[in-house]
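> This is the content of target27.txt (compact mmCIF, C-alpha atoms):
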```txt
# COMPACT_ATOMS: atom_id res chain seq x y z
CA MET A 1 39.04 -6.17 -4.11
CA LYS A 2 39.32 -9.27 -1.90
CA LYS A 3 39.31 -7.04 1.19
CA ASP A 4 36.07 -5.34 0.06
CA ILE A 5 34.43 -8.73 -0.50
CA ARG A 6 35.53 -9.94 2.96
CA GLU A 7 34.11 -6.77 4.53
CA ARG A 8 30.77 -7.22 2.80
CA VAL A 9 30.56 -10.89 3.82
CA SER A 10 31.53 -9.93 7.38
CA PHE A 11 28.76 -7.31 7.46
CA CYS A 12 26.16 -9.85 6.27
CA ASP A 13 27.27 -12.26 9.02
CA GLU A 14 27.25 -9.62 11.75
CA TYR A 15 23.78 -8.11 11.57
CA PRO A 16 21.44 -9.15 14.40
CA ARG A 17 18.69 -11.64 13.65
CA PHE A 18 15.23 -11.84 15.18
CA THR A 19 14.74 -15.17 16.95
CA ASP A 20 11.67 -16.92 18.35
CA GLU A 21 12.81 -16.11 21.88
CA MET A 22 12.56 -12.39 21.10
CA LYS A 23 8.81 -12.56 20.43
CA ARG A 24 8.05 -12.45 24.13
CA ASP A 25 9.58 -9.09 25.04
CA TYR A 26 10.58 -7.27 21.80
CA THR A 27 8.59 -4.38 20.31
CA ILE A 28 8.44 -4.51 16.51
CA LEU A 29 8.11 -1.13 14.76
CA VAL A 30 6.18 -0.90 11.49
CA PRO A 31 6.30 2.16 9.14
CA ASP A 32 3.02 3.99 8.60
CA MET A 33 2.31 2.77 5.08
CA LEU A 34 -1.22 1.35 5.11
CA PRO A 35 -3.49 3.38 7.41
CA TRP A 36 -6.58 1.49 6.20
CA HIS A 37 -5.15 -2.00 6.60
CA PHE A 38 -2.58 -2.05 9.40
CA ASP A 39 -5.20 -2.00 12.14
CA LEU A 40 -6.20 -5.56 11.25
CA LEU A 41 -2.84 -6.78 9.92
CA THR A 42 -0.99 -5.81 13.08
CA TYR A 43 -3.76 -7.30 15.21
CA ILE A 44 -3.26 -10.63 13.45
CA LEU A 45 0.47 -10.48 14.21
CA GLN A 46 -0.28 -9.64 17.83
CA LYS A 47 -2.49 -12.73 18.03
CA GLU A 48 0.55 -14.68 16.80
CA GLY A 49 2.53 -13.42 19.79
CA TYR A 50 4.35 -10.46 18.23
CA HIS A 51 4.30 -7.04 19.96
CA VAL A 52 3.75 -4.79 16.94
CA GLU A 53 3.42 -1.00 16.90
CA VAL A 54 2.73 1.17 13.84
CA LEU A 55 4.74 4.41 13.77
CA HIS A 56 2.96 7.73 13.27
CA ASN A 57 5.87 10.12 13.76
CA GLU A 58 6.29 12.60 10.92
CA GLY A 59 7.72 16.02 10.15
CA ARG A 60 10.85 17.39 8.59
CA GLN A 61 13.05 15.64 11.17
CA VAL A 62 11.91 12.26 9.82
CA ILE A 63 12.97 13.14 6.27
CA ASP A 64 16.26 14.57 7.52
CA GLU A 65 17.03 11.33 9.36
CA GLY A 66 16.44 9.45 6.12
CA LEU A 67 18.71 11.79 4.17
CA LYS A 68 21.36 11.46 6.86
CA HIS A 69 21.56 7.68 6.61
CA VAL A 70 20.69 6.93 2.97
CA HIS A 71 22.28 8.09 -0.28
CA ASN A 72 20.24 10.98 -1.67
CA ASP A 73 19.70 9.13 -4.96
CA THR A 74 17.70 6.49 -3.11
CA CYS A 75 13.95 6.59 -3.61
CA PHE A 76 11.76 8.79 -1.45
CA PRO A 77 9.81 5.89 0.15
CA ALA A 78 13.08 4.42 1.44
CA LEU A 79 14.01 7.80 2.94
CA CYS A 80 10.63 8.02 4.67
CA VAL A 81 10.73 4.48 6.07
CA ILE A 82 14.31 4.64 7.32
CA GLY A 83 13.83 8.17 8.65
CA GLN A 84 10.75 7.07 10.57
CA TYR A 85 12.66 4.17 12.15
CA LEU A 86 15.63 6.30 13.20
CA ASP A 87 13.49 9.16 14.47
CA ALA A 88 11.41 6.77 16.58
CA LEU A 89 14.45 5.02 18.04
CA LYS A 90 15.99 8.40 18.95
CA SER A 91 12.79 9.61 20.62
CA GLY A 92 13.54 7.72 23.82
CA LYS A 93 10.17 5.98 23.71
CA TYR A 94 11.71 2.60 22.87
CA ASP A 95 14.44 0.48 24.42
CA ALA A 96 16.77 -0.15 21.50
CA ASP A 97 17.94 -3.39 23.16
CA LYS A 98 14.37 -4.71 23.03
CA THR A 99 13.21 -3.28 19.69
CA ALA A 100 13.11 -4.62 16.14
CA VAL A 101 11.81 -3.16 12.87
CA LEU A 102 9.67 -4.80 10.19
CA ILE A 103 9.61 -4.23 6.43
CA THR A 104 7.61 -5.86 3.62
CA GLN A 105 9.34 -7.05 0.44
CA THR A 106 7.73 -7.84 -2.89
CA GLY A 107 10.67 -9.71 -4.39
CA GLY A 108 10.52 -7.82 -7.70
CA GLY A 109 13.31 -6.09 -9.58
CA CYS A 110 12.68 -2.85 -7.69
CA ARG A 111 14.30 -1.22 -4.67
CA ALA A 112 11.64 -2.95 -2.49
CA SER A 113 13.84 -6.04 -2.69
CA ASN A 114 16.83 -4.03 -1.46
CA TYR A 115 15.33 -2.34 1.58
CA LEU A 116 16.85 -4.78 4.06
CA PRO A 117 20.51 -3.89 3.40
CA LEU A 118 19.60 -0.18 3.27
CA ILE A 119 17.84 -0.36 6.64
CA ARG A 120 20.56 -2.48 8.22
CA LYS A 121 23.26 -0.11 7.04
CA ALA A 122 21.37 2.85 8.51
CA LEU A 123 20.75 1.09 11.83
CA ARG A 124 24.34 -0.09 12.05
CA ALA A 125 25.48 3.54 12.32
CA GLU A 126 23.53 4.27 15.50
CA PHE A 127 21.52 1.23 16.64
CA PRO A 128 23.50 -1.85 15.54
CA GLN A 129 21.67 -4.09 18.03
CA VAL A 130 18.25 -3.60 16.37
CA PRO A 131 17.25 -6.56 14.14
CA VAL A 132 15.24 -6.18 10.92
CA LEU A 133 12.41 -8.56 10.06
CA SER A 134 11.32 -9.20 6.49
CA LEU A 135 7.68 -9.91 5.66
CA ASN A 136 7.79 -11.53 2.23
CA PHE A 137 6.29 -14.44 0.34
CA SER A 138 9.17 -15.11 -2.04
CA GLY A 139 11.86 -16.49 0.26
CA LEU A 140 14.03 -13.38 0.00
CA GLU A 141 15.01 -13.47 3.65
CA LYS A 142 14.87 -16.72 5.59
CA GLY A 143 17.00 -16.03 8.65
CA SER A 144 15.29 -12.85 9.83
CA GLY A 145 11.92 -13.29 8.19
CA LEU A 146 8.52 -13.84 9.73
CA LYS A 147 7.36 -17.44 9.54
CA MET A 148 4.57 -17.29 6.96
CA THR A 149 2.19 -20.21 7.47
CA PHE A 150 -0.82 -20.87 5.24
CA PRO A 151 -3.35 -19.93 7.97
CA LEU A 152 -1.49 -16.65 8.57
CA ILE A 153 -1.41 -15.81 4.85
CA LYS A 154 -5.13 -16.57 4.60
CA LYS A 155 -5.89 -14.24 7.51
CA PHE A 156 -3.81 -11.49 5.90
CA GLY A 157 -5.85 -11.93 2.71
CA TYR A 158 -9.16 -11.46 4.53
CA ALA A 159 -7.77 -8.45 6.44
CA ILE A 160 -6.73 -6.76 3.18
CA PHE A 161 -10.17 -7.33 1.69
CA TYR A 162 -11.83 -5.76 4.75
CA GLY A 163 -9.39 -2.83 4.74
CA ASP A 164 -10.03 -2.19 1.04
CA LEU A 165 -13.79 -2.24 1.53
CA ILE A 166 -13.74 0.07 4.56
CA MET A 167 -11.44 2.48 2.68
CA SER A 168 -13.73 2.51 -0.35
CA CYS A 169 -17.00 2.90 1.60
CA PHE A 170 -15.51 5.55 3.89
CA ASN A 171 -14.28 7.68 0.99
CA GLN A 172 -17.65 7.34 -0.78
CA THR A 173 -19.49 8.46 2.38
CA LYS A 174 -17.25 10.90 4.26
CA PRO A 175 -17.57 13.86 1.80
CA TYR A 176 -21.36 13.71 2.09
CA GLU A 177 -21.96 12.92 5.78
CA LYS A 178 -24.49 15.19 7.48
CA GLU A 179 -22.98 14.76 10.93
CA GLU A 180 -19.26 15.49 11.26
CA GLY A 181 -17.39 12.44 12.56
CA ALA A 182 -20.11 9.88 11.75
CA CYS A 183 -17.91 8.01 9.24
CA ALA A 184 -14.91 7.99 11.56
CA LYS A 185 -17.08 6.47 14.30
CA VAL A 186 -18.34 3.73 11.96
CA ARG A 187 -14.80 3.01 10.84
CA GLU A 188 -13.55 2.47 14.41
CA GLU A 189 -16.56 0.35 15.34
CA LEU A 190 -16.05 -1.87 12.30
CA PHE A 191 -12.35 -2.41 12.97
CA ALA A 192 -13.16 -3.31 16.57
CA SER A 193 -15.74 -5.92 15.53
CA LEU A 194 -13.63 -7.33 12.68
CA ARG A 195 -10.71 -8.13 14.97
CA ASN A 196 -12.68 -11.12 16.22
CA SER A 197 -13.30 -12.46 12.72
CA PHE A 198 -10.07 -14.37 12.18
CA ASP A 199 -11.11 -17.75 13.50
CA GLY A 200 -11.03 -19.75 10.27
CA ARG A 201 -14.75 -19.84 9.56
CA GLY A 202 -14.15 -19.16 5.89
CA TYR A 203 -16.50 -17.64 3.36
CA LYS A 204 -19.66 -17.60 5.50
CA ARG A 205 -18.02 -15.19 7.94
CA PHE A 206 -16.43 -13.30 5.02
CA LYS A 207 -19.82 -12.75 3.40
CA ARG A 208 -21.37 -11.63 6.67
CA ASN A 209 -18.53 -9.19 7.34
CA ILE A 210 -18.78 -7.69 3.84
CA ASP A 211 -22.50 -7.11 4.34
CA ALA A 212 -21.89 -5.62 7.80
CA ILE A 213 -19.38 -3.09 6.41
CA LEU A 214 -21.71 -2.08 3.58
CA SER A 215 -24.72 -1.76 5.88
CA ALA A 216 -22.82 0.27 8.49
CA PHE A 217 -21.70 2.93 6.00
CA ALA A 218 -25.01 2.90 4.11
CA ALA A 219 -26.73 3.81 7.40
CA VAL A 220 -24.75 7.08 7.71
CA PRO A 221 -27.05 10.01 6.81
CA VAL A 222 -25.68 11.81 3.75
CA THR A 223 -26.48 14.87 1.65
CA GLY A 224 -27.67 14.54 -1.92
CA GLU A 225 -24.97 16.69 -3.50
CA ASN A 226 -22.45 15.63 -6.12
CA LYS A 227 -18.75 16.26 -5.54
CA ILE A 228 -15.73 15.93 -7.77
CA LYS A 229 -14.15 12.49 -7.66
CA VAL A 230 -10.35 12.36 -7.66
CA GLY A 231 -8.50 9.08 -8.16
CA ILE A 232 -5.13 8.39 -6.55
CA VAL A 233 -2.69 6.09 -8.34
CA GLY A 234 1.06 5.67 -8.28
CA GLU A 235 3.87 3.95 -6.43
CA ILE A 236 2.50 1.72 -3.66
CA TYR A 237 4.01 3.62 -0.71
CA VAL A 238 3.12 7.18 -1.72
CA LYS A 239 -0.32 6.04 -2.89
CA TYR A 240 -1.31 5.01 0.64
CA SER A 241 1.11 6.46 3.20
CA PRO A 242 0.12 9.82 4.76
CA LEU A 243 3.81 10.53 5.39
CA GLY A 244 4.73 9.74 1.79
CA ASN A 245 1.92 11.69 0.09
CA SER A 246 1.56 14.63 2.51
CA HIS A 247 -1.87 13.43 3.69
CA LEU A 248 -3.27 13.49 0.17
CA GLU A 249 -6.64 11.89 1.00
CA GLN A 250 -7.24 14.37 3.80
CA PHE A 251 -6.31 17.27 1.54
CA LEU A 252 -8.77 16.16 -1.14
CA LEU A 253 -11.51 15.87 1.47
CA SER A 254 -10.70 19.38 2.71
CA GLU A 255 -11.09 20.62 -0.89
CA GLY A 256 -14.60 19.19 -1.07
CA CYS A 257 -13.66 16.17 -3.20
CA GLU A 258 -14.30 12.46 -3.01
CA PRO A 259 -10.99 10.52 -3.00
CA VAL A 260 -11.04 7.29 -4.99
CA VAL A 261 -8.17 4.99 -3.99
CA PRO A 262 -7.71 1.64 -5.78
CA ALA A 263 -7.70 -1.48 -3.63
CA LEU A 264 -4.50 -2.83 -2.10
CA MET A 265 -5.63 -6.29 -3.18
CA ASP A 266 -5.19 -5.18 -6.81
CA PHE A 267 -1.49 -4.74 -6.07
CA ILE A 268 -1.36 -8.20 -4.44
CA LEU A 269 -3.01 -9.74 -7.49
CA TYR A 270 -0.63 -7.77 -9.71
CA CYS A 271 2.34 -9.34 -7.91
CA ILE A 272 0.83 -12.82 -8.21
CA VAL A 273 -0.05 -12.54 -11.89
CA ASN A 274 3.41 -11.22 -12.75
CA ASN A 275 4.81 -14.59 -11.70
CA LEU A 276 2.30 -16.30 -13.99
CA ASN A 277 3.28 -13.94 -16.81
CA ASP A 278 6.93 -14.93 -16.29
CA ALA A 279 5.94 -18.54 -16.88
CA LYS A 280 4.08 -17.50 -20.03
CA TYR A 281 6.73 -15.17 -21.47
CA TYR A 282 9.95 -16.85 -20.39
CA GLY A 283 9.00 -20.46 -19.70
CA LYS A 284 9.90 -20.06 -16.00
CA ARG A 285 7.63 -22.83 -14.73
CA SER A 286 8.10 -24.55 -11.39
CA ILE A 287 6.10 -25.82 -8.44
CA ALA A 288 5.82 -22.17 -7.39
CA THR A 289 3.94 -21.43 -10.63
CA LEU A 290 1.22 -23.87 -9.59
CA ALA A 291 1.08 -22.31 -6.12
CA PHE A 292 0.71 -18.82 -7.62
CA ARG A 293 -2.03 -20.05 -9.96
CA ILE A 294 -3.98 -21.52 -7.03
CA ALA A 295 -3.47 -18.33 -4.98
CA TYR A 296 -4.62 -16.18 -7.90
CA LYS A 297 -7.78 -18.22 -8.36
CA TRP A 298 -8.60 -18.08 -4.63
CA VAL A 299 -8.01 -14.33 -4.24
CA LEU A 300 -9.79 -13.44 -7.48
CA GLY A 301 -12.77 -15.57 -6.42
CA LYS A 302 -13.01 -13.72 -3.10
CA GLN A 303 -12.73 -10.36 -4.88
CA LYS A 304 -15.59 -11.26 -7.23
CA LYS A 305 -17.73 -12.26 -4.26
CA ALA A 306 -17.06 -8.91 -2.58
CA ILE A 307 -17.92 -7.05 -5.79
CA SER A 308 -21.11 -9.09 -6.11
CA ARG A 309 -22.17 -8.15 -2.57
CA MET A 310 -21.48 -4.47 -3.32
CA LYS A 311 -23.59 -4.59 -6.49
CA LYS A 312 -26.40 -6.32 -4.63
CA GLN A 313 -26.35 -3.70 -1.86
CA GLY A 314 -26.42 -0.95 -4.49
CA ARG A 315 -25.28 2.04 -2.45
CA PHE A 316 -21.58 2.04 -3.34
CA GLU A 317 -19.49 2.02 -6.50
CA PRO A 318 -17.97 -1.51 -6.55
CA LEU A 319 -14.25 -2.23 -6.45
CA HIS A 320 -12.57 -2.89 -9.79
CA ASP A 321 -12.64 -6.46 -11.04
CA PHE A 322 -8.96 -7.33 -11.49
CA GLU A 323 -9.49 -9.29 -14.70
CA HIS A 324 -11.32 -6.27 -16.10
CA LEU A 325 -8.41 -4.11 -14.92
CA ARG A 326 -6.02 -6.26 -16.92
CA THR A 327 -7.96 -5.57 -20.12
CA PHE A 328 -7.28 -1.85 -19.63
CA ALA A 329 -3.58 -2.61 -19.20
CA ASP A 330 -3.58 -4.40 -22.55
CA GLU A 331 -4.86 -1.22 -24.21
CA VAL A 332 -2.01 0.89 -22.80
CA ILE A 333 1.09 -1.18 -22.13
CA ASP A 334 2.22 -4.81 -22.20
CA GLN A 335 1.81 -6.83 -19.00
CA GLY A 336 5.44 -7.77 -19.26
CA VAL A 337 6.25 -4.28 -17.93
CA LYS A 338 6.37 -5.19 -14.26
CA MET A 339 9.16 -3.17 -12.63
CA GLY A 340 7.76 -1.35 -9.61
CA GLU A 341 4.02 -0.91 -10.15
CA GLY A 342 4.53 -1.30 -13.92
CA TRP A 343 1.41 -1.90 -15.98
CA LEU A 344 -0.86 -1.58 -12.93
CA ILE A 345 -0.59 2.25 -12.87
CA PRO A 346 -1.85 2.95 -16.42
CA ALA A 347 -4.46 0.20 -15.99
CA GLU A 348 -5.80 1.91 -12.86
CA MET A 349 -5.81 5.31 -14.57
CA ALA A 350 -7.76 3.99 -17.53
CA ALA A 351 -10.18 2.05 -15.31
CA LEU A 352 -10.85 5.12 -13.16
CA ALA A 353 -11.42 7.38 -16.16
CA LYS A 354 -13.72 4.86 -17.86
CA SER A 355 -15.78 4.37 -14.67
CA GLY A 356 -16.43 8.10 -14.13
CA THR A 357 -13.42 9.26 -12.10
CA LYS A 358 -11.92 11.55 -14.73
CA ASN A 359 -9.61 13.49 -12.39
CA ILE A 360 -6.54 11.56 -11.32
CA VAL A 361 -3.46 12.31 -9.22
CA CYS A 362 -0.48 10.16 -10.20
CA ALA A 363 1.78 10.16 -7.14
CA GLN A 364 5.40 9.83 -8.22
CA PRO A 365 8.23 9.44 -5.70
CA PHE A 366 11.71 10.70 -6.35
CA GLY A 367 14.08 7.94 -7.40
CA CYS A 368 11.44 5.53 -8.75
CA LEU A 369 12.19 5.47 -12.48
CA PRO A 370 9.74 2.63 -13.31
CA ASN A 371 6.93 4.65 -11.77
CA HIS A 372 7.76 7.73 -13.82
CA ILE A 373 7.84 5.67 -17.02
CA ALA A 374 4.64 3.68 -16.34
CA GLY A 375 2.89 6.64 -14.69
CA LYS A 376 3.74 9.96 -16.30
CA GLY A 377 5.04 8.22 -19.43
CA ALA A 378 1.79 6.34 -20.04
CA ALA A 379 -0.54 9.26 -19.26
CA ARG A 380 -0.66 10.41 -22.88
CA ARG A 381 -1.81 6.99 -24.07
CA VAL A 382 -4.47 6.92 -21.32
CA LYS A 383 -5.70 10.34 -22.47
CA THR A 384 -5.91 9.03 -26.03
CA LEU A 385 -8.22 6.27 -24.80
CA CYS A 386 -10.08 8.64 -22.43
CA PRO A 387 -9.92 12.17 -23.96
CA ASP A 388 -11.66 13.78 -20.98
CA ALA A 389 -9.23 12.32 -18.43
CA ASN A 390 -7.68 15.04 -16.26
CA ILE A 391 -4.37 13.57 -15.04
CA VAL A 392 -1.80 15.44 -12.97
CA PRO A 393 1.54 13.85 -11.96
CA VAL A 394 2.71 15.05 -8.56
CA ASP A 395 6.31 14.52 -7.40
CA TYR A 396 7.00 13.56 -3.80
CA ASP A 397 10.62 13.99 -2.79
CA PRO A 398 12.74 15.43 0.04
CA SER A 399 12.93 18.89 -1.55
CA ALA A 400 9.30 19.19 -2.68
CA THR A 401 7.14 21.39 -0.48
CA LYS A 402 3.60 20.49 0.50
CA VAL A 403 2.45 23.89 -0.81
CA ASN A 404 3.79 23.20 -4.31
CA GLN A 405 2.23 19.73 -4.34
CA GLU A 406 -1.15 21.08 -3.25
CA ASN A 407 -0.99 23.96 -5.75
CA ARG A 408 -0.56 21.48 -8.62
CA ILE A 409 -3.58 19.55 -7.38
CA LYS A 410 -5.60 22.76 -6.94
CA LEU A 411 -4.87 23.65 -10.57
CA MET A 412 -6.16 20.24 -11.63
CA LEU A 413 -9.27 20.75 -9.46
CA ALA A 414 -9.85 24.16 -11.04
CA ASN A 415 -9.91 22.48 -14.44
CA ALA A 416 -12.20 19.77 -13.07
CA ARG A 417 -14.68 22.32 -11.73
CA GLU A 418 -14.62 24.22 -15.02
CA ASN A 419 -15.29 21.01 -16.95
CA ALA A 420 -18.09 20.09 -14.53
```
Can the structure from this file be put into structure tokens for me?


Amino acid sequence: MKKDIRERVSFCDEYPRFTDEMKRDYTILVPDMLPWHFDLLTYILQKEGYHVEVLHNEGRQVIDEGLKHVHNDTCFPALCVIGQYLDALKSGKYDADKTAVLITQTGGGCRASNYLPLIRKALRAEFPQVPVLSLNFSGLEKGSGLKMTFPLIKKFGYAIFYGDLIMSCFNQTKPYEKEEGACAKVREELFASLRNSFDGRGYKRFKRNIDAILSAFAAVPVTGENKIKVGIVGEIYVKYSPLGNSHLEQFLLSEGCEPVVPALMDFILYCIVNNLNDAKYYGKRSIATLAFRIAYKWVLGKQKKAISRMKKQGRFEPLHDFEHLRTFADEVIDQGVKMGEGWLIPAEMAALAKSGTKNIVCAQPFGCLPNHIAGKGAARRVKTLCPDANIVPVDYDPSATKVNQENRIKLMLANARENA
């Protein structure tokens, strides 16, 4: 027993740490989790002096690398992330002596808080010199974490808002564009112009950027047809990552549907409000509680401003108001259920169904028990509230084939077309 403890302590002391001196000549690899947001988020880090590169490698070899280095009971997102790291490092494209990897951590009671030891254990087998950086706001990792200053956090907040809005406007325009590629062109032009927006000018620039995004997509010529809307909810990684969800958004577009993906900022607000709920339920009040309350008020205020601009413009279905989203959660499940994506999943399903998106894919990764409980387990209650909701849970795991996943969705779409 004492020997095992000494070995674990020794391992914790031995792993390489990312230092300030490494910023100059190290490449930092980021898993392909947020295709709508990483363009701006990585640009902000590059402006801070970090050389950041988002990975886009995929295929069966990525999953096999994950299975090779992680216990097969570990969740599917962890397999994807670790497999992507190992596959990239083995490609020969990167100098392992000058490469680090980056992972975000929420600090909750989920596996997201345990990714660092999983990644370090995998790297230790073949690339022990590669350090792992943690991007977190809860002090989980101080030695190898990014230095999160208030200006940097504020810039991240604006970047997430812009990414959410571009994602929403793109998906509401792309299925109806008259000229193939028009939306993609607008998307790239907007990201290019937004990169120069992080100069601390505050809400005036924020308002102007929101209006610019709305105007750019509203100017795309579209057809007048109606297409089936399909919402995507579920665990945070498989909801957004093309590797994790087998390019779900692209598949829905190819089937003549309009994908409806909830905003990433809803997840950020969910994480913030869970800390406030802890203070309410368990009396866990501290100076951090005040900080979370201030952050919640600031972010929610910005979200309401964005929604107001969308309503004023009139062309696009607005983002969900998070406070309104919470009222849907109260009808389905208690907000104390916060493991993984917890109460947020049924709240998003109910909000989508009530706002006209009756058809919903609930993306469920292997090994994420909280997601299965709050997702598939809450679907019946959501259907009780919204009898015409058409919800299909789809499992994403190492053994699931893309064909089987798409066939389940096609069956749901067949029902949707019949109902339409």

> Excluding same-chain residues fewer than 2 positions from Ile228 in chain A, what lies within 7 Å of it counting all atoms listed in the file, as a compact mmCIF listing (two decimals) with C-alpha atoms, keeping the file's coordinate frame?


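Saved file selection35.txt follows:
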```
# COMPACT_ATOMS: atom_id res chain seq x y z
CA ASN A 226 -22.45 15.63 -6.12
CA VAL A 230 -10.35 12.36 -7.66
CA CYS A 257 -13.66 16.17 -3.20
CA GLU A 258 -14.30 12.46 -3.01
```

> How big is the axis-aligned box around the listed atoms of range 228-239 of chain A once 3 Å is added on each side, and where is its centre? Give both in Å to one decimal, as lines of an AutoDock Vina configuration file.


```
center_x = -5.9
center_y = 8.8
center_z = -4.5
size_x = 25.7
size_y = 20.2
size_z = 13.6
```

> Quick one: everything within 8 Å of His37 in chain A, counting only C-alpha atoms, minus sequence neighbours fewer than 4 positions away in the same chain. Send it as an NGL selection string.

:A and (41 or 159-160 or 162-164)

> Please compute the CA of Tyr176 in chain A-CA of Lys312 in chain A distance, one decimal, in Å.

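Separation between CA of Tyr176 in chain A and CA of Lys312 in chain A: 21.7 Å.
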
> Could you pull the residues within 12 Å of Gly66 in chain A, counting only C-alpha atoms, minus those fewer than 3 positions along the same chain, as a PyMOL selection string?

chain A and resi 58-63+69-88+118-119+121-123+397-398

> Using all atoms listed in the file, which residue out of A:Tyr296, A:Phe366, A:Trp343, A:Phe217 lies closest to Val238 in chain A?

A:Phe366

> Taking (-7.7, -5.8, 14.8) in the file's coordinates, which residues come within 9 Å, counting only C-alpha atoms, written as a PyMOL selection string?

chain A and resi 38-44+46+159+191-197

> Under the rule that only C-alpha atoms are counted, which of A:Phe127, A:Phe316, A:Tyr240, A:Phe328 is the nearest residue to Trp36 in chain A?

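Once distances to Trp36 in chain A are computed over only C-alpha atoms, the minimum belongs to A:Tyr240.
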
> Kindly indicate which residue among A:Ile232, A:Ala279, A:Ala263, A:Ile294 lies nearest to Ala353 in chain A, using all atoms listed in the file for the distances.

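Of A:Ile232, A:Ala279, A:Ala263, A:Ile294, the one nearest Ala353 in chain A, counting all atoms listed in the file, is A:Ile232.
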
> Just the residues within 12 Å of His247 in chain A, please, counting only C-alpha atoms, with nothing from its chain fewer than 6 positions along; format it as an MDAnalysis selection string.

chainID A and resid 32:33 35 58:59 232 238:241 253:254 259 363 396 402 405:406

> Pick out the closest residue to Pro128 in chain A from this set: A:Pro16, A:Gly49, A:Pro175, A:Gly342. Count only C-alpha atoms.

A:Pro16

> Near range 285-289 of chain A, counting only C-alpha atoms, which residues have an atom at most 8 Å away, once you skip same-chain residues fewer than 3 positions from it, shown as a ChimeraX atom specification?

/A:275-276,279,292-293

> Give the answer as one residue: which of A:Ile409, A:Leu369, A:Ala389, A:Ala218 has the shortest atom-to-atom distance to Glu249 in chain A, using all atoms listed in the file?

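The shortest atom-to-atom distance to Glu249 in chain A comes from A:Ile409.
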
> Which one is closest to Ile268 in chain A: A:Leu243, A:Ala416, A:Leu319, A:Val299? Count all atoms listed in the file.

A:Val299

> Separation of CA of Arg381 in chain A and CA of Asn407 in chain A, in Å?

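Between CA of Arg381 in chain A and CA of Asn407 in chain A the gap works out to 25.0 Å.
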
> Provide the CA of Asn419 in chain A to CA of Ser168 in chain A distance in Å, to one decimal place.

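We find that CA of Asn419 in chain A and CA of Ser168 in chain A lie 24.9 Å from each other.
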
> Could you list as a tab-separated table (two decimals) with C-alpha atoms, in the frame of the given file every residue that has an atom within 10 Å of (6.0, -4.6, -14.3), using the file's coordinates and counting only C-alpha atoms?


```tsv
chain	number	residue	atom	x	y	z
A	108	GLY	CA	10.52	-7.82	-7.70
A	109	GLY	CA	13.31	-6.09	-9.58
A	110	CYS	CA	12.68	-2.85	-7.69
A	270	TYR	CA	-0.63	-7.77	-9.71
A	271	CYS	CA	2.34	-9.34	-7.91
A	274	ASN	CA	3.41	-11.22	-12.75
A	333	ILE	CA	1.09	-1.18	-22.13
A	334	ASP	CA	2.22	-4.81	-22.20
A	335	GLN	CA	1.81	-6.83	-19.00
A	336	GLY	CA	5.44	-7.77	-19.26
A	337	VAL	CA	6.25	-4.28	-17.93
A	338	LYS	CA	6.37	-5.19	-14.26
A	339	MET	CA	9.16	-3.17	-12.63
A	340	GLY	CA	7.76	-1.35	-9.61
A	341	GLU	CA	4.02	-0.91	-10.15
A	342	GLY	CA	4.53	-1.30	-13.92
A	343	TRP	CA	1.41	-1.90	-15.98
A	344	LEU	CA	-0.86	-1.58	-12.93
A	345	ILE	CA	-0.59	2.25	-12.87
A	370	PRO	CA	9.74	2.63	-13.31
A	371	ASN	CA	6.93	4.65	-11.77
A	374	ALA	CA	4.64	3.68	-16.34
```
